[in-house]
Structure formats: structure tokens, C-alpha cells
$ cat coords-v3.cif   # mmCIF, C-alpha atoms and all ligand atoms
data_my_file
loop_
_atom_site.label_atom_id
_atom_site.label_comp_id
_atom_site.auth_asym_id
_atom_site.auth_seq_id
_atom_site.Cartn_x
_atom_site.Cartn_y
_atom_site.Cartn_z
CA MET X 3 100.84 -19.25 -128.06
CA HIS X 4 98.42 -20.71 -125.52
CA TYR X 5 97.70 -18.64 -122.43
CA TYR X 6 96.55 -20.19 -119.14
CA SER X 7 95.92 -18.71 -115.73
CA LEU X 8 94.05 -21.71 -114.29
CA SER X 9 96.21 -24.71 -113.50
CA GLU X 10 93.49 -27.25 -114.38
CA ASN X 11 93.36 -25.89 -117.95
CA LEU X 12 97.13 -25.96 -118.23
CA GLN X 13 97.24 -29.49 -116.85
CA SER X 14 94.74 -30.90 -119.32
CA PHE X 15 96.74 -29.31 -122.16
CA ILE X 16 100.00 -30.81 -120.84
CA GLU X 17 98.43 -34.25 -120.37
CA ASN X 18 97.24 -34.16 -123.98
CA GLN X 19 100.70 -33.20 -125.25
CA LYS X 20 102.40 -35.87 -123.15
CA SER X 21 100.00 -38.57 -124.27
CA SER X 22 101.00 -37.82 -127.86
CA GLY X 23 104.65 -38.29 -126.89
CA LYS X 24 105.67 -34.62 -126.68
CA LYS X 25 108.54 -33.60 -124.45
CA ILE X 26 107.78 -30.61 -122.22
CA ALA X 27 110.32 -27.96 -121.16
CA PHE X 28 109.50 -25.45 -118.44
CA VAL X 29 111.03 -22.00 -117.85
CA PRO X 30 109.82 -20.40 -114.60
CA THR X 31 110.20 -16.59 -114.43
CA MET X 32 108.96 -13.58 -112.54
CA GLY X 33 108.40 -11.62 -115.76
CA ALA X 34 109.88 -8.30 -116.96
CA LEU X 35 111.48 -10.53 -119.53
CA HIS X 36 114.79 -9.77 -121.20
CA GLU X 37 117.08 -11.60 -123.63
CA GLY X 38 118.42 -13.76 -120.76
CA HIS X 39 114.97 -15.22 -120.17
CA LEU X 40 114.37 -15.56 -123.90
CA SER X 41 117.64 -17.46 -124.31
CA LEU X 42 116.22 -20.06 -121.90
CA ILE X 43 113.03 -20.28 -124.00
CA ARG X 44 115.22 -20.87 -127.08
CA LEU X 45 117.15 -23.57 -125.22
CA GLY X 46 113.80 -25.19 -124.39
CA ILE X 47 112.74 -25.05 -128.04
CA GLN X 48 115.99 -26.82 -129.04
CA GLN X 49 115.59 -29.56 -126.46
CA SER X 50 111.84 -30.27 -126.41
CA SER X 51 108.62 -30.00 -128.43
CA VAL X 52 106.58 -27.82 -126.07
CA VAL X 53 107.97 -24.92 -124.02
CA VAL X 54 105.95 -23.59 -121.09
CA CYS X 55 106.98 -20.27 -119.55
CA SER X 56 105.44 -19.17 -116.26
CA ILE X 57 105.28 -15.60 -115.02
CA PHE X 58 104.63 -15.46 -111.30
CA VAL X 59 106.07 -12.86 -108.93
CA ASN X 60 106.32 -15.19 -105.97
CA PRO X 61 105.55 -13.32 -102.74
CA THR X 62 107.11 -16.01 -100.52
CA GLN X 63 110.66 -15.49 -101.82
CA PHE X 64 110.88 -11.73 -101.23
CA ASN X 65 112.43 -10.76 -97.93
CA HIS X 66 111.98 -7.00 -98.49
CA PRO X 67 108.39 -5.77 -99.00
CA ASN X 68 109.76 -2.86 -101.04
CA ASP X 69 111.49 -5.26 -103.48
CA LEU X 70 108.20 -7.12 -104.00
CA GLN X 71 106.22 -3.90 -104.49
CA THR X 72 108.68 -2.35 -106.92
CA TYR X 73 109.40 -5.56 -108.87
CA PRO X 74 108.72 -4.60 -112.52
CA ARG X 75 105.49 -6.01 -113.96
CA MET X 76 104.75 -5.80 -117.71
CA LEU X 77 102.66 -8.78 -118.68
CA GLU X 78 101.52 -7.60 -122.12
CA ALA X 79 105.03 -6.78 -123.34
CA ASP X 80 106.26 -10.10 -121.89
CA ALA X 81 103.55 -12.03 -123.73
CA ARG X 82 104.53 -10.36 -127.02
CA LEU X 83 108.21 -11.23 -126.53
CA LEU X 84 107.38 -14.85 -125.71
CA GLU X 85 105.12 -15.17 -128.74
CA LYS X 86 107.85 -13.73 -130.99
CA THR X 87 110.44 -16.10 -129.52
CA GLY X 88 108.29 -19.13 -130.28
CA CYS X 89 107.23 -20.06 -126.75
CA HIS X 90 104.24 -22.41 -126.89
CA VAL X 91 102.52 -21.79 -123.56
CA LEU X 92 102.39 -18.88 -121.15
CA PHE X 93 101.17 -19.77 -117.65
CA VAL X 94 100.28 -16.82 -115.41
CA PRO X 95 98.69 -18.20 -112.24
CA ASP X 96 97.18 -16.16 -109.42
CA VAL X 97 98.58 -16.55 -105.93
CA ILE X 98 95.56 -18.67 -104.98
CA GLU X 99 96.34 -21.19 -107.74
CA VAL X 100 99.91 -21.61 -106.56
CA TYR X 101 99.12 -21.52 -102.85
CA PRO X 102 95.58 -22.83 -102.30
CA PRO X 103 94.78 -22.24 -98.62
CA ALA X 104 93.90 -25.92 -98.07
CA LEU X 105 97.29 -27.17 -99.32
CA ASP X 106 100.49 -27.22 -97.28
CA THR X 107 103.10 -26.22 -99.87
CA HIS X 108 106.07 -25.79 -97.52
CA ILE X 109 109.18 -27.77 -98.35
CA GLN X 110 111.02 -29.48 -95.50
CA LEU X 111 114.55 -30.14 -96.73
CA ASP X 112 117.90 -30.09 -95.00
CA LEU X 113 119.86 -27.66 -97.17
CA GLY X 114 122.99 -27.68 -94.98
CA THR X 115 125.69 -25.25 -96.10
CA LEU X 116 124.04 -24.84 -99.52
CA GLY X 117 121.26 -22.80 -97.95
CA GLN X 118 123.30 -20.93 -95.34
CA VAL X 119 125.98 -19.15 -97.34
CA MET X 120 125.81 -16.14 -99.69
CA GLU X 121 122.16 -15.51 -100.66
CA GLY X 122 121.05 -17.77 -97.81
CA LYS X 123 122.92 -15.62 -95.31
CA PHE X 124 121.78 -12.25 -96.61
CA ARG X 125 118.24 -13.10 -97.69
CA PRO X 126 116.77 -15.14 -94.83
CA GLY X 127 113.79 -17.21 -95.95
CA HIS X 128 114.43 -16.49 -99.65
CA PHE X 129 115.41 -20.04 -100.58
CA ASP X 130 112.55 -21.61 -98.62
CA GLY X 131 110.19 -19.49 -100.72
CA MET X 132 112.08 -20.18 -103.94
CA LEU X 133 112.07 -23.97 -103.44
CA GLN X 134 108.42 -23.84 -102.39
CA VAL X 135 107.40 -22.11 -105.61
CA VAL X 136 109.62 -24.23 -107.88
CA LYS X 137 108.25 -27.46 -106.37
CA ARG X 138 104.69 -26.20 -106.65
CA LEU X 139 105.13 -25.08 -110.26
CA LEU X 140 106.78 -28.40 -111.12
CA ASP X 141 103.76 -30.19 -109.65
CA LEU X 142 101.43 -28.05 -111.76
CA VAL X 143 103.35 -28.13 -115.04
CA ASN X 144 104.83 -31.63 -114.77
CA PRO X 145 107.64 -30.98 -117.30
CA ASP X 146 110.39 -33.30 -118.52
CA LEU X 147 112.98 -30.49 -118.48
CA LEU X 148 113.33 -27.59 -116.09
CA ILE X 149 115.40 -24.78 -117.60
CA MET X 150 117.11 -22.25 -115.34
CA GLY X 151 119.89 -19.68 -115.67
CA GLN X 152 123.46 -19.83 -114.43
CA LYS X 153 122.92 -16.20 -113.35
CA ASP X 154 121.30 -17.55 -110.16
CA PHE X 155 124.03 -20.05 -109.35
CA GLN X 156 123.02 -20.86 -105.78
CA GLN X 157 119.37 -21.06 -106.83
CA PHE X 158 119.95 -23.77 -109.43
CA THR X 159 122.32 -25.62 -107.08
CA LEU X 160 119.55 -25.77 -104.48
CA VAL X 161 116.96 -26.76 -107.05
CA GLN X 162 119.21 -29.64 -108.17
CA HIS X 163 119.58 -30.61 -104.50
CA MET X 164 115.78 -30.66 -104.13
CA ILE X 165 115.34 -32.68 -107.34
CA ASN X 166 117.81 -35.26 -106.01
CA ALA X 167 116.50 -35.29 -102.44
CA LEU X 168 112.83 -35.68 -103.45
CA ALA X 169 113.63 -37.82 -106.51
CA LEU X 170 111.57 -35.49 -108.72
CA PRO X 171 111.07 -36.82 -112.27
CA VAL X 172 112.58 -33.82 -114.07
CA GLN X 173 115.96 -32.99 -115.58
CA LEU X 174 117.52 -29.61 -114.76
CA VAL X 175 119.15 -27.84 -117.72
CA ILE X 176 121.25 -24.70 -117.14
CA GLY X 177 121.56 -21.87 -119.66
CA PRO X 178 124.53 -19.45 -119.67
CA THR X 179 124.21 -15.88 -118.34
CA LEU X 180 123.36 -13.32 -121.00
CA ARG X 181 125.05 -9.96 -120.56
CA GLU X 182 124.71 -6.38 -121.72
CA GLU X 183 127.49 -5.05 -123.96
CA ASP X 184 129.51 -3.80 -121.01
CA GLY X 185 129.26 -7.17 -119.28
CA LEU X 186 126.50 -6.41 -116.76
CA ALA X 187 124.37 -9.53 -116.34
CA MET X 188 120.89 -8.95 -117.74
CA SER X 189 118.36 -8.71 -114.94
CA SER X 190 114.80 -7.46 -114.57
CA ARG X 191 116.07 -5.31 -111.69
CA ASN X 192 118.45 -3.41 -114.05
CA LEU X 193 115.36 -1.47 -115.15
CA ARG X 194 115.37 0.22 -111.76
CA LEU X 195 118.95 1.54 -112.05
CA THR X 196 119.50 5.27 -112.67
CA PRO X 197 121.68 5.92 -115.77
CA GLU X 198 124.58 6.78 -113.45
CA LEU X 199 124.31 3.59 -111.41
CA ARG X 200 123.71 1.57 -114.54
CA LYS X 201 127.18 2.71 -115.76
CA LYS X 202 128.82 1.98 -112.43
CA ALA X 203 127.26 -1.47 -112.22
CA ARG X 204 129.62 -2.72 -114.93
CA ILE X 205 132.24 -3.01 -112.17
CA LEU X 206 130.59 -6.25 -111.02
CA PHE X 207 131.52 -8.25 -114.11
CA GLN X 208 134.89 -6.50 -114.33
CA VAL X 209 135.70 -7.74 -110.83
CA LEU X 210 134.66 -11.28 -111.75
CA GLY X 211 136.76 -11.10 -114.93
CA GLU X 212 139.77 -9.93 -112.97
CA ILE X 213 139.43 -12.81 -110.52
CA GLN X 214 139.33 -15.22 -113.44
CA ALA X 215 142.38 -13.60 -115.06
CA LYS X 216 144.42 -13.72 -111.85
CA LEU X 217 143.34 -17.17 -110.65
CA GLY X 218 146.40 -19.24 -109.78
CA GLN X 219 148.67 -16.19 -109.60
CA THR X 220 147.23 -14.30 -106.65
CA ASP X 221 146.04 -15.50 -103.26
CA LEU X 222 142.24 -16.01 -103.29
CA ASP X 223 141.63 -13.88 -100.24
CA ILE X 224 143.55 -10.99 -101.77
CA LEU X 225 141.46 -11.37 -104.94
CA ARG X 226 138.30 -11.21 -102.80
CA GLN X 227 139.39 -8.20 -100.78
CA THR X 228 140.53 -6.33 -103.91
CA GLY X 229 137.22 -7.05 -105.63
CA LEU X 230 135.18 -5.87 -102.64
CA ARG X 231 137.19 -2.64 -102.54
CA GLN X 232 136.78 -2.04 -106.29
CA ILE X 233 133.00 -2.41 -105.96
CA SER X 234 132.89 0.02 -102.99
CA ASP X 235 135.11 2.50 -104.84
CA GLN X 236 132.39 2.73 -107.53
CA GLY X 237 129.84 3.71 -104.90
CA LEU X 238 128.09 0.33 -104.84
CA LYS X 239 127.69 -1.55 -101.56
CA PRO X 240 129.02 -5.09 -101.83
CA GLU X 241 127.21 -7.65 -99.70
CA TYR X 242 129.47 -10.58 -100.42
CA LEU X 243 132.10 -11.76 -102.86
CA GLU X 244 132.93 -15.41 -102.37
CA ILE X 245 135.03 -17.94 -104.22
CA VAL X 246 133.33 -21.25 -103.55
CA ASP X 247 133.36 -24.90 -104.48
CA GLY X 248 130.65 -25.22 -107.17
CA ASN X 249 129.22 -28.38 -105.61
CA THR X 250 129.24 -27.61 -101.88
CA LEU X 251 129.23 -23.76 -102.09
CA GLU X 252 131.80 -23.75 -99.31
CA PRO X 253 134.26 -20.85 -99.49
CA ILE X 254 137.68 -22.12 -100.47
CA LEU X 255 141.19 -21.00 -99.70
CA ASP X 256 143.25 -22.95 -102.22
CA GLU X 257 142.02 -23.32 -105.82
CA LYS X 258 144.33 -26.25 -106.53
CA THR X 259 142.38 -28.59 -104.25
CA HIS X 260 139.03 -28.06 -106.04
CA ASN X 261 137.89 -28.99 -109.56
CA TYR X 262 134.74 -26.87 -109.75
CA LEU X 263 135.17 -23.24 -108.69
CA VAL X 264 132.80 -20.32 -108.87
CA ALA X 265 133.09 -16.68 -107.84
CA CYS X 266 129.74 -15.25 -106.71
CA LEU X 267 128.83 -11.73 -105.62
CA ALA X 268 125.95 -9.53 -104.55
CA ALA X 269 125.98 -5.76 -104.28
CA TRP X 270 123.52 -2.94 -103.77
CA ALA X 271 123.36 -0.10 -106.28
CA ASP X 272 121.34 2.32 -104.16
CA ASP X 273 118.23 0.20 -103.34
CA VAL X 274 118.67 -2.24 -106.23
CA ARG X 275 120.27 -5.55 -105.35
CA LEU X 276 122.37 -7.14 -108.11
CA ILE X 277 123.98 -10.58 -108.20
CA ASP X 278 126.40 -12.20 -110.60
CA ASN X 279 128.86 -15.08 -110.81
CA ILE X 280 131.52 -16.59 -113.01
CA ILE X 281 132.57 -20.22 -113.27
CA LEU X 282 136.34 -20.14 -112.82
CA LYS X 283 136.98 -23.82 -113.35
CA GLY X 284 135.02 -27.04 -114.04
CA SER X 285 131.27 -27.48 -114.57
CA LYS X 286 128.09 -28.94 -113.08
CA ASP X 287 128.11 -32.76 -113.54
P1 LIG Y 301 113.71 -14.41 -112.74
O1 LIG Y 301 112.63 -13.89 -113.61
O2 LIG Y 301 114.71 -13.39 -112.32
O3 LIG Y 301 113.18 -15.24 -111.60
O4 LIG Y 301 114.56 -15.43 -113.63
C1 LIG Y 301 113.96 -16.50 -114.29
C2 LIG Y 301 115.03 -17.38 -114.84
O5 LIG Y 301 115.81 -16.64 -115.78
C3 LIG Y 301 116.00 -17.91 -113.77
O6 LIG Y 301 116.29 -19.27 -114.03
C4 LIG Y 301 117.20 -17.03 -113.96
O7 LIG Y 301 118.42 -17.65 -113.56
C5 LIG Y 301 117.19 -16.81 -115.47
N1 LIG Y 301 117.93 -15.59 -115.81
C6 LIG Y 301 117.85 -14.38 -115.20
N2 LIG Y 301 118.73 -13.53 -115.75
C7 LIG Y 301 119.39 -14.21 -116.72
C8 LIG Y 301 120.42 -13.89 -117.65
N3 LIG Y 301 120.97 -12.68 -117.68
N4 LIG Y 301 120.85 -14.84 -118.51
C9 LIG Y 301 120.30 -16.09 -118.50
N5 LIG Y 301 119.32 -16.46 -117.65
C10 LIG Y 301 118.87 -15.54 -116.78
#

$ encode --input "coords-v3.cif" --output "C-alpha cells"
Amino acid sequence: MHYYSLSENLQSFIENQKSSGKKIAFVPTMGALHEGHLSLIRLGIQQSSVVVCSIFVNPTQFNHPNDLQTYPRMLEADARLLEKTGCHVLFVPDVIEVYPPALDTHIQLDLGTLGQVMEGKFRPGHFDGMLQVVKRLLDLVNPDLLIMGQKDFQQFTLVQHMINALALPVQLVIGPTLREEDGLAMSSRNLRLTPELRKKARILFQVLGEIQAKLGQTDLDILRQTGLRQISDQGLKPEYLEIVDGNTLEPILDEKTHNYLVACLAAWADDVRLIDNIILKGSKD
């Protein structure tokens, strides 16, 4: 596996690969890699000839300094996992490479409802930082495919919006959410859960499963309210549980009038914020 921390070195490698006709897939991450991340690397290997994984804990997308400080960092173990999985390139840039002081990297995009609901409502500024880093990394890596996880549903929806709005020459590919045996979505933040909270956190996927099982039989608002109560009863603090149109992310009241439906939630387990979602109906075009 090639390792780059300087973007100019990465770029000359990529240019070489592209000039010999190789297709490049890119998996951006913040490290503390788990099987979910590795499944995206495997998807990249299936769909391209060169897979680039970046590890960059992006300071501009954290809205709580504590979350940024305590975000798990384990570069050596990550590099070993990537190597074993067959990843071709690991890119670990410094902040100065991603945000050179002389370059304005801010993204001016009208996100409309997409950026205002759910994560946008509870994590002000998060999506501006996320889009800023994704755009910047895309400029540096210049891939054919960008591979992201369904786990961050609103994130990939906004990234697709940015790709369309700026006509970026990259195709977004979404990988399914990998889960622990009890259904909890794999997440780097799970490492920070106490054993007791780790057990309780399984309620999140149970709630999503119950919504799926009862879709069409029970009023959506009752499903939401019941789910929120079940999460609270486990001692977690739900932030939101929304059933939304998968394209517009607008909360919906009647499932029959929409073809693409997703239930999304966020909850705090002590000071660890967890998110998850389930596609109830339809798929991304
Ligand atoms: P992160 O390191 O949390 O920024 O995530 C990097 C990428 O991995 C994002 O595209 C996430 O959506 C994806 N990802 C995170 N968790 C999972 C999971 N459990 N299954 C599949 N993909 C995931």
C-alpha cells in the first residue's frame, strides 16, 4: 500500500494511474476504522482498479470541541487494516494540506431543506464543514468514484446535491450499513460507549426495525412517538426520530404518497452521539 501525506505526491501518483487508464475509487474517512469502513474499501476494489482511502479528522465539521478532542485516533492499526483489506493508497494529509491559508475552501451552496432538518438542525455548521472537506478532498484526489456509507444518510444526500449543483466529475456510490450482531450500526464512536451503554444502544436499530415492521399499519406519528419513548426508556436521550422522503428529507405524514422513505434517528448515550437510519421503501436513483 502506498502512503502519502503530501497532496502533491498523491496527485502525481493519481495522474500516473489515470494516464494508464486506471479507474480511481475514493473512500474518505476520519479513521478508527471498523468493518463498515472496510466494506466500502471492498466495494471500491470491486468497482475500480485503484482504491484511495483518506484518514482526516476534519476540524471544520465538529460542532463540539469535546467530540473533536475525544474522537478516536489509531493511525497505525488503521493502516494495518487497510493493507490487509487490499486498499492501494492511504492518504493522511495535515490540516495545512487540506486548508492552505491562502485558499478559500468554503462552499457556497443553497442546501434548502436538505441542510436544515435532522443533523442540520442539531449540528449547526456541521454540513458546511463536511461539504467543505469532501469538495477539497475530491479536488486533491480527483477520483472517478466516491464511495460513502448509507449510515450517514443525510451526508450522502447532501454530497450528491453538491455533485449535481457543481457538476463535479465523480460518481457517488453508496455502500450498505454494516452492523454489530445485535444490530447496532458500526461506528468509530461506539468505542467510547461503556459496556452498559453499549448494550442499551441496541434499542436504536430495534426501534428502526419496529417502524419498518409496522409501516402501513400504524400512523407514522404514533410510530415516531413510540420510538422516541422506547429510546428514552433505555436511558438514552433521543435528539430526533424522523420519517422523511429520501429525496427531499422532508418529514412525511402519509407513507402512501411517497416512493422513497427513510427513518432516521440520532440519540445521545451519555456524551456519545449515535445516528442510524433504515430505508423503509424505495432507493436512491
Ligand atoms: P467516518 O469515518 O465516520 O467519517 O465514515 C467514513 C465513511 O464510512 C462514511 O461514508 C460513512 O458513512 C461510512 N460508514 C460509517 N459507518 C459505517 C457502517 N457501519 N457501515 C458502512 N459504512 C459506514

$ closest_residue --input "coords-v3.cif" --among "X:Arg44, X:Arg226, X:His66, X:Lys286" --to "ligand LIG 301 (chain Y)" --atoms "all atoms listed in the file"
X:Arg44

$ closest_atom_pairs --input "coords-v3.cif" --of "chain X" --to "ligand LIG 301 (chain Y)" --cutoff "6 Å" --atoms "only C-alpha atoms and all ligand atoms" --output "Markdown table"
| residue | atom | partner | partner_atom | distance |
| --- | --- | --- | --- | --- |
| X:Pro30 | CA | Y:LIG301 | C1 | 5.7 |
| X:Thr31 | CA | Y:LIG301 | O1 | 3.7 |
| X:Met32 | CA | Y:LIG301 | O1 | 3.8 |
| X:Gly33 | CA | Y:LIG301 | O1 | 5.3 |
| X:Gly38 | CA | Y:LIG301 | N4 | 3.5 |
| X:His39 | CA | Y:LIG301 | O5 | 4.7 |
| X:Met150 | CA | Y:LIG301 | O6 | 3.4 |
| X:Gly151 | CA | Y:LIG301 | O7 | 3.3 |
| X:Gln152 | CA | Y:LIG301 | O7 | 5.6 |
| X:Lys153 | CA | Y:LIG301 | O7 | 4.7 |
| X:Asp154 | CA | Y:LIG301 | O7 | 4.5 |
| X:Pro178 | CA | Y:LIG301 | C9 | 5.5 |
| X:Thr179 | CA | Y:LIG301 | N4 | 3.5 |
| X:Leu180 | CA | Y:LIG301 | N4 | 3.8 |
| X:Arg181 | CA | Y:LIG301 | N3 | 5.7 |
| X:Ala187 | CA | Y:LIG301 | N3 | 4.8 |
| X:Met188 | CA | Y:LIG301 | N3 | 3.7 |
| X:Ser189 | CA | Y:LIG301 | N2 | 4.9 |

$ residues_around --input "coords-v3.cif" --residues "Glu17 (chain X)" --least-positions-apart "3" --cutoff "12 Å" --atoms "all atoms listed in the file" --output "ChimeraX atom specification"
/X:9-14,20-26,52,142-145

$ closest_residue --input "coords-v3.cif" --among "X:Asp235, X:Glu198, X:Asp256, X:Asp278" --to "Gln219 (chain X)" --atoms "only C-alpha atoms"
X:Asp256

$ closest_residue --input "coords-v3.cif" --among "X:Thr159, X:Thr87, X:Thr107, X:Thr228" --to "Val135 (chain X)" --atoms "only C-alpha atoms"
X:Thr107

$ residues_around --input "coords-v3.cif" --residues "Val53 (chain X)" --least-positions-apart "4" --cutoff "8 Å" --atoms "all atoms listed in the file" --output "mmCIF file with C-alpha atoms, keeping the file's coordinate frame"
data_model
loop_
_atom_site.group_PDB
_atom_site.id
_atom_site.type_symbol
_atom_site.label_atom_id
_atom_site.label_comp_id
_atom_site.auth_asym_id
_atom_site.auth_seq_id
_atom_site.Cartn_x
_atom_site.Cartn_y
_atom_site.Cartn_z
ATOM 1 C CA ILE X 26 107.780 -30.610 -122.220
ATOM 2 C CA ALA X 27 110.320 -27.960 -121.160
ATOM 3 C CA PHE X 28 109.500 -25.450 -118.440
ATOM 4 C CA VAL X 29 111.030 -22.000 -117.850
ATOM 5 C CA ILE X 43 113.030 -20.280 -124.000
ATOM 6 C CA GLY X 46 113.800 -25.190 -124.390
ATOM 7 C CA ILE X 47 112.740 -25.050 -128.040
ATOM 8 C CA CYS X 89 107.230 -20.060 -126.750
ATOM 9 C CA HIS X 90 104.240 -22.410 -126.890
ATOM 10 C CA VAL X 91 102.520 -21.790 -123.560
#

$ atom_distance --input "coords-v3.cif" --atom1 "CA of Ile277 (chain X)" --atom2 "CA of Glu37 (chain X)"
16.9 Å

$ residues_around --input "coords-v3.cif" --residues "region 127-134 of chain X" --least-positions-apart "5" --cutoff "9 Å" --atoms "all atoms listed in the file" --output "VMD selection string"
chain X and resid 60 to 65 107 to 111 117 121 to 122 139 157 160 to 161 164

$ residues_near_point --input "coords-v3.cif" --point "(138.7, -16.2, -115.4)" --cutoff "9 Å" --atoms "only C-alpha atoms" --output "list in words"
Leu210, Gly211, Glu212, Ile213, Gln214, Ala215, Lys216, Leu217, Ile280, Ile281, Leu282 and Lys283 of chain X

$ write_last_selection --input "coords-v3.cif" --atoms "C-alpha atoms" --output "PDB file, in the coordinates of the input"
ATOM      1  CA  LEU X 210     134.660 -11.280-111.750  1.00  0.00           C
ATOM      2  CA  GLY X 211     136.760 -11.100-114.930  1.00  0.00           C
ATOM      3  CA  GLU X 212     139.770  -9.930-112.970  1.00  0.00           C
ATOM      4  CA  ILE X 213     139.430 -12.810-110.520  1.00  0.00           C
ATOM      5  CA  GLN X 214     139.330 -15.220-113.440  1.00  0.00           C
ATOM      6  CA  ALA X 215     142.380 -13.600-115.060  1.00  0.00           C
ATOM      7  CA  LYS X 216     144.420 -13.720-111.850  1.00  0.00           C
ATOM      8  CA  LEU X 217     143.340 -17.170-110.650  1.00  0.00           C
ATOM      9  CA  ILE X 280     131.520 -16.590-113.010  1.00  0.00           C
ATOM     10  CA  ILE X 281     132.570 -20.220-113.270  1.00  0.00           C
ATOM     11  CA  LEU X 282     136.340 -20.140-112.820  1.00  0.00           C
ATOM     12  CA  LYS X 283     136.980 -23.820-113.350  1.00  0.00           C
TER      13      LYS X 283
END
